[in-house]
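Notes follow the structure.
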Amino acid sequence: GAGVSQSPSNKVTEKGKDVELRCDPISGHTALYWYRQSLGQGLEFLIYFQGNSAPDKSGLPSDRFSAERTGGSVSTLTIQRTQQEDSAVYLCASSLQGYSLHFGNGTRLTVT
Amino acid sequence: QKEVEQNSGPLSVPEGAIASLNCTYSDRGSQSFFWYRQYSGKSPELIMSIYSNGDKEDGRFTAQLNKASQYVSLLIRDSQPSDSATYLCAVPSGNTPLVFGKGTRLSVIA
């Protein structure tokens with residue numbers, strides 16, 4: 001596709017349920033990033049992939065969060081046993097080189 | 001985690017004026033610096049990058065970097081209402097590809 005695609009665009013879930021967020025990066029972009037943004041807050045770094053490898057997972061807020069990337073392309077971010085504080089916009093970005101990040105439109109997650 | 005600090009604003013300037021946005025960072029080893037613009041309800045987009053001390057100009061935008069003071073700024077000349085957005089300063093730091101500041105909200109008044 002022409003840009004970074006994220007799905008779903010909106011997700012409402014009940015506390016305690018698991019959710020899976022998907023990111024399809026720009027074709028050929030080797031690096032993929034996950035951030036989240038709470039209302040009125042800045043971007044909080046979660047994890048990034050270079051190819052299929054995640055060099056540093058320390059940004060993930062808790063062990064309920066996990067992410068994977070397969071085939072150097074699509075990535076999924078999974079949140080288990082969701083909590084209300086997980087409510088945020090989850091942004092995925094990709095880049096070919098350097099830090100010119102191209103962001104998707106995000107997934108707005110609401111945990112009720 | 002290393003920090004990137006910005007004044008949250010809002011910064012209000014009249015149309016046609018110069019808007020000055022400031023950012024300080026804590027990681028003295030940082031070598032590259034970025035400004036992203038985020039319109040309300042939209043995702044961030046890269047507008048400027050700077051790597052060397054001094055000024056870098058791109059159209060109405062000028063990025064200024066002073067590594068000794070750990071300070072980077074963005075000037076917007078001839079501000080337009082369409083420039084109204086939140087401007088995010090971002091710096092690679094340690095293991096984090098990009099650490100973002102919380103952003104400065106700019107409002108250009110027609």
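Chain labels A, B, ... are given in the sequence in which chains occur in the structure tokens; within each chain residues are numbered consecutively from 1, and ligands are likewise numbered from 1 in the order shown.
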Report task. Give the residues of chain A that lie within 12 Å of chain B; count only C-alpha atoms, and format the answer as a PyMOL selection string. Result -> chain A and resi 4+6+31-50+54-60+89-95+97-108
Could you save the residues just selected, with C-alpha atoms, as a PDB file, in the first residue's frame?
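part-v5.pdb was written with the following content:
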```pdb
ATOM      1  CA  VAL A   4       1.328   2.403   6.878  1.00  0.00           C
ATOM      2  CA  GLN A   6      -3.265  -0.177  10.942  1.00  0.00           C
ATOM      3  CA  ALA A  31      12.250  -0.853  10.572  1.00  0.00           C
ATOM      4  CA  LEU A  32       8.882  -0.880  12.331  1.00  0.00           C
ATOM      5  CA  TYR A  33       7.962   0.977  15.517  1.00  0.00           C
ATOM      6  CA  TRP A  34       5.105   0.884  18.012  1.00  0.00           C
ATOM      7  CA  TYR A  35       4.231   3.923  20.127  1.00  0.00           C
ATOM      8  CA  ARG A  36       1.180   4.808  22.141  1.00  0.00           C
ATOM      9  CA  GLN A  37      -0.314   8.195  22.868  1.00  0.00           C
ATOM     10  CA  SER A  38      -2.694   8.858  25.704  1.00  0.00           C
ATOM     11  CA  LEU A  39      -5.078  11.826  25.596  1.00  0.00           C
ATOM     12  CA  GLY A  40      -3.103  15.057  25.713  1.00  0.00           C
ATOM     13  CA  GLN A  41       0.170  13.211  26.207  1.00  0.00           C
ATOM     14  CA  GLY A  42       3.264  12.681  24.139  1.00  0.00           C
ATOM     15  CA  LEU A  43       4.281   9.539  22.316  1.00  0.00           C
ATOM     16  CA  GLU A  44       5.423   6.698  24.538  1.00  0.00           C
ATOM     17  CA  PHE A  45       7.844   4.280  22.869  1.00  0.00           C
ATOM     18  CA  LEU A  46       6.873   0.628  23.164  1.00  0.00           C
ATOM     19  CA  ILE A  47       9.055  -1.472  20.871  1.00  0.00           C
ATOM     20  CA  TYR A  48      10.733  -1.470  17.502  1.00  0.00           C
ATOM     21  CA  PHE A  49      11.756  -4.115  14.994  1.00  0.00           C
ATOM     22  CA  GLN A  50      14.699  -4.172  12.650  1.00  0.00           C
ATOM     23  CA  ALA A  54      13.249  -6.572  18.373  1.00  0.00           C
ATOM     24  CA  PRO A  55      16.595  -5.392  19.829  1.00  0.00           C
ATOM     25  CA  ASP A  56      15.017  -3.887  22.922  1.00  0.00           C
ATOM     26  CA  LYS A  57      11.707  -4.814  24.548  1.00  0.00           C
ATOM     27  CA  SER A  58      12.200  -2.721  27.683  1.00  0.00           C
ATOM     28  CA  GLY A  59       9.689  -0.106  26.518  1.00  0.00           C
ATOM     29  CA  LEU A  60       6.767  -2.489  26.827  1.00  0.00           C
ATOM     30  CA  VAL A  89      -4.090   5.484  20.580  1.00  0.00           C
ATOM     31  CA  TYR A  90      -1.572   2.896  19.462  1.00  0.00           C
ATOM     32  CA  LEU A  91       0.567   4.198  16.621  1.00  0.00           C
ATOM     33  CA  CYS A  92       2.686   2.138  14.289  1.00  0.00           C
ATOM     34  CA  ALA A  93       5.402   3.645  12.108  1.00  0.00           C
ATOM     35  CA  SER A  94       7.911   2.327   9.622  1.00  0.00           C
ATOM     36  CA  SER A  95      11.097   3.669   8.106  1.00  0.00           C
ATOM     37  CA  GLN A  97      16.529   4.209   7.047  1.00  0.00           C
ATOM     38  CA  GLY A  98      17.290   6.744   9.694  1.00  0.00           C
ATOM     39  CA  TYR A  99      14.496   8.284  11.698  1.00  0.00           C
ATOM     40  CA  SER A 100      12.142   9.513   9.017  1.00  0.00           C
ATOM     41  CA  LEU A 101       9.194   7.682  10.510  1.00  0.00           C
ATOM     42  CA  HIS A 102       5.995   7.270   8.539  1.00  0.00           C
ATOM     43  CA  PHE A 103       3.089   6.806  10.908  1.00  0.00           C
ATOM     44  CA  GLY A 104      -0.160   4.966  10.369  1.00  0.00           C
ATOM     45  CA  ASN A 105      -3.497   6.431  11.422  1.00  0.00           C
ATOM     46  CA  GLY A 106      -3.409   4.518  14.682  1.00  0.00           C
ATOM     47  CA  THR A 107      -5.746   2.218  16.570  1.00  0.00           C
ATOM     48  CA  ARG A 108      -7.852   3.903  19.242  1.00  0.00           C
TER      49      ARG A 108
END
```
Requested in this report: Determine which residues of stretch 8-89 of chain A DSSP labels as strand (DSSP E) from the backbone of this structure, then write them out as a VMD selection string.
Outcome: chain A and resid 10 to 13 19 to 24 31 to 37 43 to 50 65 to 69 75 to 79 88 to 89
Expected file contents, prior selection, N, CA and C atoms, as a compact mmCIF listing (two decimals), in the first residue's frame:
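Ended up saving to out-v8.txt:
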```txt
# COMPACT_ATOMS: atom_id res chain seq x y z
N ASN A 10 -10.55 1.45 15.38
CA ASN A 10 -11.10 1.64 16.72
C ASN A 10 -11.39 0.28 17.32
N LYS A 11 -11.13 0.16 18.62
CA LYS A 11 -11.41 -1.09 19.31
C LYS A 11 -11.90 -0.77 20.72
N VAL A 12 -13.11 -1.25 21.02
CA VAL A 12 -13.64 -1.13 22.38
C VAL A 12 -13.68 -2.54 22.95
N THR A 13 -13.09 -2.70 24.11
CA THR A 13 -13.04 -4.03 24.72
C THR A 13 -13.32 -3.92 26.21
N VAL A 19 -6.54 -8.23 23.34
CA VAL A 19 -6.73 -7.56 22.05
C VAL A 19 -5.47 -7.72 21.22
N GLU A 20 -5.68 -7.70 19.91
CA GLU A 20 -4.56 -7.80 18.97
C GLU A 20 -4.68 -6.66 17.98
N LEU A 21 -3.59 -5.90 17.86
CA LEU A 21 -3.54 -4.77 16.94
C LEU A 21 -2.57 -5.11 15.82
N ARG A 22 -2.94 -4.70 14.61
CA ARG A 22 -2.15 -5.08 13.45
C ARG A 22 -1.56 -3.87 12.75
N CYS A 23 -0.36 -4.04 12.23
CA CYS A 23 0.30 -2.97 11.48
C CYS A 23 0.92 -3.55 10.22
N ASP A 24 0.61 -2.92 9.09
CA ASP A 24 1.17 -3.32 7.81
C ASP A 24 2.04 -2.14 7.33
N ALA A 31 12.47 -1.14 9.15
CA ALA A 31 12.25 -0.85 10.57
C ALA A 31 10.78 -0.57 10.84
N LEU A 32 10.29 -1.07 11.96
CA LEU A 32 8.88 -0.88 12.33
C LEU A 32 8.83 -0.54 13.81
N TYR A 33 8.00 0.44 14.15
CA TYR A 33 7.96 0.98 15.52
C TYR A 33 6.52 0.97 16.03
N TRP A 34 6.39 0.73 17.32
CA TRP A 34 5.10 0.88 18.01
C TRP A 34 5.26 1.95 19.10
N TYR A 35 4.33 2.91 19.08
CA TYR A 35 4.23 3.92 20.13
C TYR A 35 2.78 3.94 20.60
N ARG A 36 2.55 4.52 21.75
CA ARG A 36 1.18 4.81 22.14
C ARG A 36 1.09 6.23 22.65
N GLN A 37 -0.09 6.80 22.49
CA GLN A 37 -0.31 8.19 22.87
C GLN A 37 -1.62 8.27 23.63
N LEU A 43 4.17 10.90 22.82
CA LEU A 43 4.28 9.54 22.32
C LEU A 43 5.19 8.73 23.23
N GLU A 44 4.67 7.60 23.68
CA GLU A 44 5.42 6.70 24.54
C GLU A 44 5.93 5.54 23.69
N PHE A 45 7.24 5.35 23.66
CA PHE A 45 7.84 4.28 22.87
C PHE A 45 7.55 2.92 23.51
N LEU A 46 7.15 1.98 22.67
CA LEU A 46 6.87 0.63 23.16
C LEU A 46 7.95 -0.36 22.72
N ILE A 47 8.14 -0.47 21.40
CA ILE A 47 9.05 -1.47 20.87
C ILE A 47 9.33 -1.16 19.41
N TYR A 48 10.50 -1.60 18.93
CA TYR A 48 10.73 -1.47 17.50
C TYR A 48 11.37 -2.74 16.98
N PHE A 49 11.21 -2.96 15.69
CA PHE A 49 11.76 -4.12 14.99
C PHE A 49 12.69 -3.65 13.89
N GLN A 50 13.83 -4.31 13.80
CA GLN A 50 14.70 -4.17 12.65
C GLN A 50 14.62 -5.53 11.95
N PHE A 65 2.00 -7.11 27.60
CA PHE A 65 2.21 -6.62 26.24
C PHE A 65 3.24 -7.48 25.53
N SER A 66 2.95 -7.84 24.29
CA SER A 66 3.92 -8.55 23.47
C SER A 66 3.74 -8.13 22.02
N ALA A 67 4.78 -8.31 21.24
CA ALA A 67 4.70 -7.93 19.83
C ALA A 67 5.56 -8.88 19.03
N GLU A 68 5.13 -9.09 17.80
CA GLU A 68 5.93 -9.88 16.90
C GLU A 68 5.83 -9.32 15.49
N ARG A 69 6.81 -9.69 14.70
CA ARG A 69 6.83 -9.30 13.30
C ARG A 69 7.31 -10.48 12.49
N SER A 75 3.23 -6.61 11.52
CA SER A 75 3.49 -6.76 12.95
C SER A 75 2.17 -6.77 13.70
N THR A 76 2.14 -7.52 14.78
CA THR A 76 0.98 -7.49 15.67
C THR A 76 1.44 -7.15 17.09
N LEU A 77 0.66 -6.32 17.73
CA LEU A 77 0.87 -5.97 19.13
C LEU A 77 -0.30 -6.58 19.90
N THR A 78 0.02 -7.40 20.86
CA THR A 78 -1.01 -8.09 21.64
C THR A 78 -1.00 -7.59 23.08
N ILE A 79 -2.16 -7.27 23.57
CA ILE A 79 -2.30 -6.88 24.97
C ILE A 79 -3.22 -7.90 25.64
N ALA A 88 -5.71 4.10 24.93
CA ALA A 88 -4.81 5.05 24.27
C ALA A 88 -4.94 4.85 22.76
N VAL A 89 -4.25 5.71 22.02
CA VAL A 89 -4.09 5.48 20.58
C VAL A 89 -2.75 4.80 20.38
```
Query raised in the report: Quick one: distance from atom CA of B:Ser40 to atom CA of B:Ala85 in Å, one decimal?
Result: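 According to the coordinates, atom CA of B:Ser40 and atom CA of B:Ala85 are separated by 6.6 Å.
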Query raised in the report: Could you state the separation of atom CA of B:Gln6 and atom CA of B:Gln80 in Å, given to one decimal place?
Result: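 For atom CA of B:Gln6 relative to atom CA of B:Gln80, the distance reads 21.5 Å.
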Requested in this report: Between B:Ala68, B:Leu74, B:Val108, B:Ala63, single out the one closest to B:Asp27, counting only C-alpha atoms.
Outcome: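 Counting only C-alpha atoms, the residue closest to B:Asp27 is B:Ala68.
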Query - Residue contacts of B:Ser26 (9 Å, only C-alpha atoms) excluding same-chain residues fewer than 5 positions away, as a PyMOL selection string - result: chain B and resi 2-5+70
